Each structure stands twice: as structure tokens, then as C-alpha cells.
Amino acid sequence: MQFTFYKYEGTGNDFIFIDNRQNEFPKTDIKLIEKLCDRRFGIGADGLILLENDIETDFRMVYFNSDGNQSSMCGNGGRCIVAFAKSLNLINDQTTFLATDGLHKAYAYENGIVSLGMKDVDEVKIESDYVFLNTGSPHHVMLVDDLDNYDVKGIGAKIRYSDLYGKVGSNVNFVKQLSDDHFRLRTYERGVEDETYSCGTGATAAAIAMNALGKTNSNHIKLDVEGGKLEVSFVKEGSVYTNVFLKGPATFVFEGEIDI
């Protein structure tokens, strides 16, 4: 069977998109998805995303990591699927869609920027040397000094597979403060099992973690990731973070056809 696929990237976090509104894609085939995401033997991507029909919203987002397994929410993927849906004329400038962690609102701007509403965060666990929170996916956040030379893959994997998080694991984020409301971020992503150029839920987690730690009083945070720049805004009500938005570019790369 032949499928048309579309490549998008959000600050270097890249995804294969397939319009699966006819439910023809074999989404239980883990090996196939893993092969499609392989950068040598397939199309190559950090993940594969299916756009499907949903009764109550504009569409449903189904996300798979590059290891072929269906996973938790992907922030950059969520922004990119909004751009993809707009290219299919499913939406105009705003949308509501369903993902694994619930409903998301989003806004698509003419300059290719997409602002994605994220889930509220009602628990931030602060430890002596790290912060843990869930922004649709679990995230371990640490401040480091020499971020340029930091062993993100090695140390990230060690924490991801540690007894701290067990079999489920966690994404791991390493942060350096640049100014009061400006941070740099590098992320090790579970499922990809490597450093990625960007992680949307990780950027969201880093911004909230820095606010929770008192490193910034701002509710609008700029983040430099390896693949570009993202912004996170929120409203803090007591210890709860609401009206959380992740904003940045969502860029079409190319489309093609593949036999599977």
C-alpha cells in the first residue's frame, strides 16, 4: 500500500505526518513505524504523527516515538500538526484538537508561528538538585553551568533509566540561565533515546521549573534550544500553572510517497 507522507519540523524536532482520517495506516506495526523514522533506512524523524478524525474536535493527534511506540504528548509535534491541519484546509487560524493528554487549543499565525495551549501543571516536585513535573510528558529538569560541553546523551540516559523513574522513565532537561527571563536548554528524549534539537514539553517544563525555583519572576520565558527559539507563557495561580502556551515555528519541509 502506498502512503503520502509529509515532513515538518519545529525548531529542529522533526516529524513524519500521515493523514489517517480513513484509518488505513497500520498503526499497531511498531517495526514499521520504527523503520519509517530511521534516518538511514527510512524517511527519518524524531517521531511519526497521525492526523485522525475526532467527533468533538477538529482532529485527533496520535503520536509515536521513533522507537515505534505510541507515546505521551509532544509539544513541538502538537504545534506542527496544527500547521499540517491548516495545510489540509481542516482549520483556519485557530483550532481545538484531541491528544493523548486531553484537549488542546492552538493558534496558527501567517508567519509560520504556532502557539499551542498545554495542559495545566498542578504539581512541581522540587528536590535539592533537580525538579520533576509533567507537562503532558514527564520531565526531569536540572541547572548546569557548562552546557556547551555537557554529556547530555550519557548523563540523560543514566537518569532516564535510573531507579528514580523505573521502567517508564523520564525525559531529562539541562538548563543554563542567560538572563532573568531567558534560558538555554538541551534535552535527552526517551523513546528517541538521544539528545534532540528541541523538545516542546521539555521547554514548557524548563520554563515552569525555573519559575518554581525562583530563578525568574517572569511568566513569559524565552528558551534557546539547539534547533532555534521557543517561548513559554503561563498564569500562576498559587502553586498551579494555568493558561500555559508553547509558541514557536512549525515548518513544512517536504512531502513524498512510500510503499509499505
# chains A, B, ... in the order shown; residues from 1 in each chain; ligands from 1
$ residues_around --residues "Arg160 (chain A)" --least-positions-apart "2" --cutoff "7 Å" --atoms "only C-alpha atoms" --output "ChimeraX atom specification"
/A:156-158,162,165,169-172
$ residues_around --residues "Ser233 (chain A)" --least-positions-apart "5" --cutoff "12 Å" --atoms "only C-alpha atoms" --output "list in words"
Ser115, Leu116, Gly117, Met118, Asp120, Asp181, Ala203, Thr204, Ala205, Ala206, Ala207, Ile208, Asn211, Asn217, Ser218, Asn219, His220, Ile221, Lys222, Leu223, Tyr241, Thr242, Asn243, Val244, Phe245, Leu246, Lys247 and Gly248 of chain A
$ write_last_selection --atoms "N, CA, C and O atoms" --output "tab-separated table (two decimals), in the first residue's frame"
chain	number	residue	atom	x	y	z
A	115	SER	N	1.09	28.82	18.25
A	115	SER	CA	1.02	28.88	19.71
A	115	SER	C	0.08	27.78	20.18
A	115	SER	O	-1.10	27.75	19.79
A	116	LEU	N	0.59	26.88	21.00
A	116	LEU	CA	-0.15	25.69	21.42
A	116	LEU	C	-0.46	25.74	22.90
A	116	LEU	O	0.44	25.89	23.73
A	117	GLY	N	-1.73	25.60	23.26
A	117	GLY	CA	-2.13	25.51	24.64
A	117	GLY	C	-1.75	24.15	25.22
A	117	GLY	O	-2.09	23.11	24.65
A	118	MET	N	-1.05	24.17	26.34
A	118	MET	CA	-0.60	22.95	27.01
A	118	MET	C	-1.47	22.67	28.23
A	118	MET	O	-2.27	23.51	28.65
A	120	ASP	N	-2.60	22.18	32.14
A	120	ASP	CA	-2.25	22.84	33.39
A	120	ASP	C	-1.27	21.97	34.17
A	120	ASP	O	-1.30	20.73	34.07
A	181	ASP	N	14.68	36.29	32.22
A	181	ASP	CA	13.58	35.59	31.56
A	181	ASP	C	14.05	34.80	30.34
A	181	ASP	O	13.26	34.48	29.45
A	203	ALA	N	10.68	22.21	26.93
A	203	ALA	CA	10.80	23.66	27.05
A	203	ALA	C	9.76	24.21	28.01
A	203	ALA	O	10.04	25.08	28.84
A	204	THR	N	8.55	23.66	27.92
A	204	THR	CA	7.48	24.07	28.83
A	204	THR	C	7.85	23.72	30.27
A	204	THR	O	7.68	24.53	31.19
A	205	ALA	N	8.36	22.50	30.46
A	205	ALA	CA	8.77	22.07	31.80
A	205	ALA	C	9.90	22.92	32.35
A	205	ALA	O	9.90	23.30	33.53
A	206	ALA	N	10.88	23.24	31.50
A	206	ALA	CA	12.02	24.04	31.94
A	206	ALA	C	11.57	25.43	32.37
A	206	ALA	O	12.02	25.96	33.40
A	207	ALA	N	10.68	26.05	31.60
A	207	ALA	CA	10.19	27.39	31.93
A	207	ALA	C	9.46	27.40	33.27
A	207	ALA	O	9.71	28.27	34.12
A	208	ILE	N	8.58	26.44	33.46
A	208	ILE	CA	7.82	26.37	34.71
A	208	ILE	C	8.74	26.03	35.88
A	208	ILE	O	8.62	26.60	36.98
A	211	ASN	N	10.64	29.07	37.05
A	211	ASN	CA	9.77	29.95	37.82
A	211	ASN	C	9.53	29.39	39.21
A	211	ASN	O	9.58	30.12	40.21
A	217	ASN	N	10.96	35.63	37.83
A	217	ASN	CA	9.62	36.02	38.25
A	217	ASN	C	8.71	36.24	37.05
A	217	ASN	O	7.53	36.56	37.20
A	218	SER	N	9.28	36.07	35.87
A	218	SER	CA	8.53	36.32	34.64
A	218	SER	C	7.57	35.17	34.35
A	218	SER	O	7.83	34.02	34.69
A	219	ASN	N	6.45	35.51	33.73
A	219	ASN	CA	5.51	34.48	33.27
A	219	ASN	C	5.54	34.35	31.75
A	219	ASN	O	4.64	33.76	31.15
A	220	HIS	N	6.58	34.90	31.15
A	220	HIS	CA	6.80	34.79	29.70
A	220	HIS	C	8.30	34.53	29.51
A	220	HIS	O	9.12	35.43	29.63
A	221	ILE	N	8.64	33.28	29.21
A	221	ILE	CA	10.02	32.82	29.21
A	221	ILE	C	10.50	32.55	27.79
A	221	ILE	O	9.80	31.91	27.00
A	222	LYS	N	11.70	33.01	27.47
A	222	LYS	CA	12.33	32.72	26.19
A	222	LYS	C	13.33	31.58	26.39
A	222	LYS	O	14.08	31.57	27.37
A	223	LEU	N	13.32	30.62	25.47
A	223	LEU	CA	14.21	29.47	25.57
A	223	LEU	C	14.96	29.26	24.26
A	223	LEU	O	14.34	29.17	23.20
A	241	TYR	N	-0.04	26.17	37.61
A	241	TYR	CA	0.27	26.90	36.38
A	241	TYR	C	-0.83	26.62	35.36
A	241	TYR	O	-1.05	25.47	34.96
A	242	THR	N	-1.54	27.67	34.96
A	242	THR	CA	-2.65	27.55	34.02
A	242	THR	C	-2.38	28.41	32.79
A	242	THR	O	-1.42	29.18	32.74
A	243	ASN	N	-3.26	28.27	31.79
A	243	ASN	CA	-3.15	29.06	30.56
A	243	ASN	C	-1.73	29.00	30.00
A	243	ASN	O	-1.14	30.00	29.61
A	244	VAL	N	-1.18	27.78	29.98
A	244	VAL	CA	0.19	27.55	29.53
A	244	VAL	C	0.23	27.46	28.00
A	244	VAL	O	-0.53	26.68	27.41
A	245	PHE	N	1.09	28.24	27.37
A	245	PHE	CA	1.21	28.22	25.91
A	245	PHE	C	2.67	28.05	25.50
A	245	PHE	O	3.57	28.68	26.08
A	246	LEU	N	2.87	27.21	24.50
A	246	LEU	CA	4.17	26.99	23.88
A	246	LEU	C	4.12	27.58	22.47
A	246	LEU	O	3.28	27.19	21.66
A	247	LYS	N	5.04	28.50	22.18
A	247	LYS	CA	4.99	29.24	20.92
A	247	LYS	C	6.31	29.14	20.18
A	247	LYS	O	7.38	29.27	20.78
A	248	GLY	N	6.23	28.90	18.87
A	248	GLY	CA	7.43	28.84	18.05
A	248	GLY	C	7.09	28.44	16.62
A	248	GLY	O	5.91	28.23	16.27
$ closest_residue --among "A:Asp93, A:Glu193, A:Asp148, A:Glu255" --to "Val225 (chain A)" --atoms "only C-alpha atoms"
A:Asp148
$ residues_around --residues "Asp67 (chain A)" --least-positions-apart "6" --cutoff "9 Å" --atoms "only C-alpha atoms" --output "list in words"
Ile30, Lys31, Ile33, Glu34, Lys35, Cys37, Asp38, Asp46, Gly47, Gly191, Val192 and Glu193 of chain A
$ write_last_selection --atoms "N, CA, C and O atoms" --output "mmCIF file, in the first residue's frame"
data_model
loop_
_atom_site.group_PDB
_atom_site.id
_atom_site.type_symbol
_atom_site.label_atom_id
_atom_site.label_comp_id
_atom_site.auth_asym_id
_atom_site.auth_seq_id
_atom_site.Cartn_x
_atom_site.Cartn_y
_atom_site.Cartn_z
ATOM 1 N N ILE A 30 4.717 -1.697 15.131
ATOM 2 C CA ILE A 30 5.807 -0.963 15.771
ATOM 3 C C ILE A 30 7.060 -0.957 14.902
ATOM 4 O O ILE A 30 7.730 0.068 14.750
ATOM 5 N N LYS A 31 7.388 -2.113 14.314
ATOM 6 C CA LYS A 31 8.597 -2.219 13.488
ATOM 7 C C LYS A 31 8.521 -1.323 12.262
ATOM 8 O O LYS A 31 9.524 -0.736 11.833
ATOM 9 N N ILE A 33 6.800 1.552 11.971
ATOM 10 C CA ILE A 33 6.955 2.941 12.394
ATOM 11 C C ILE A 33 8.411 3.237 12.725
ATOM 12 O O ILE A 33 8.954 4.280 12.348
ATOM 13 N N GLU A 34 9.067 2.300 13.395
ATOM 14 C CA GLU A 34 10.479 2.452 13.719
ATOM 15 C C GLU A 34 11.319 2.578 12.448
ATOM 16 O O GLU A 34 12.223 3.408 12.358
ATOM 17 N N LYS A 35 10.993 1.768 11.440
ATOM 18 C CA LYS A 35 11.737 1.819 10.175
ATOM 19 C C LYS A 35 11.500 3.137 9.445
ATOM 20 O O LYS A 35 12.443 3.733 8.904
ATOM 21 N N CYS A 37 10.905 5.982 10.714
ATOM 22 C CA CYS A 37 11.613 7.043 11.432
ATOM 23 C C CYS A 37 13.127 6.910 11.355
ATOM 24 O O CYS A 37 13.846 7.850 11.709
ATOM 25 N N ASP A 38 13.617 5.746 10.906
ATOM 26 C CA ASP A 38 15.058 5.514 10.843
ATOM 27 C C ASP A 38 15.701 6.463 9.828
ATOM 28 O O ASP A 38 15.236 6.593 8.691
ATOM 29 N N ASP A 46 12.194 12.262 14.353
ATOM 30 C CA ASP A 46 12.141 12.012 15.790
ATOM 31 C C ASP A 46 10.862 11.290 16.182
ATOM 32 O O ASP A 46 10.779 10.720 17.273
ATOM 33 N N GLY A 47 9.847 11.330 15.311
ATOM 34 C CA GLY A 47 8.595 10.662 15.605
ATOM 35 C C GLY A 47 7.667 10.674 14.417
ATOM 36 O O GLY A 47 7.914 11.360 13.408
ATOM 37 N N GLY A 191 12.370 7.396 24.263
ATOM 38 C CA GLY A 191 11.710 6.994 23.016
ATOM 39 C C GLY A 191 12.583 7.266 21.813
ATOM 40 O O GLY A 191 12.687 6.446 20.910
ATOM 41 N N VAL A 192 13.220 8.436 21.785
ATOM 42 C CA VAL A 192 14.251 8.718 20.783
ATOM 43 C C VAL A 192 15.579 8.160 21.299
ATOM 44 O O VAL A 192 16.426 7.713 20.533
ATOM 45 N N GLU A 193 15.732 8.191 22.614
ATOM 46 C CA GLU A 193 16.932 7.703 23.330
ATOM 47 C C GLU A 193 18.196 8.414 22.877
ATOM 48 O O GLU A 193 19.243 7.826 22.681
#
$ closest_residue --among "A:Tyr63, A:Phe25, A:Tyr8, A:Phe174" --to "Ala85 (chain A)" --atoms "only C-alpha atoms"
A:Tyr8
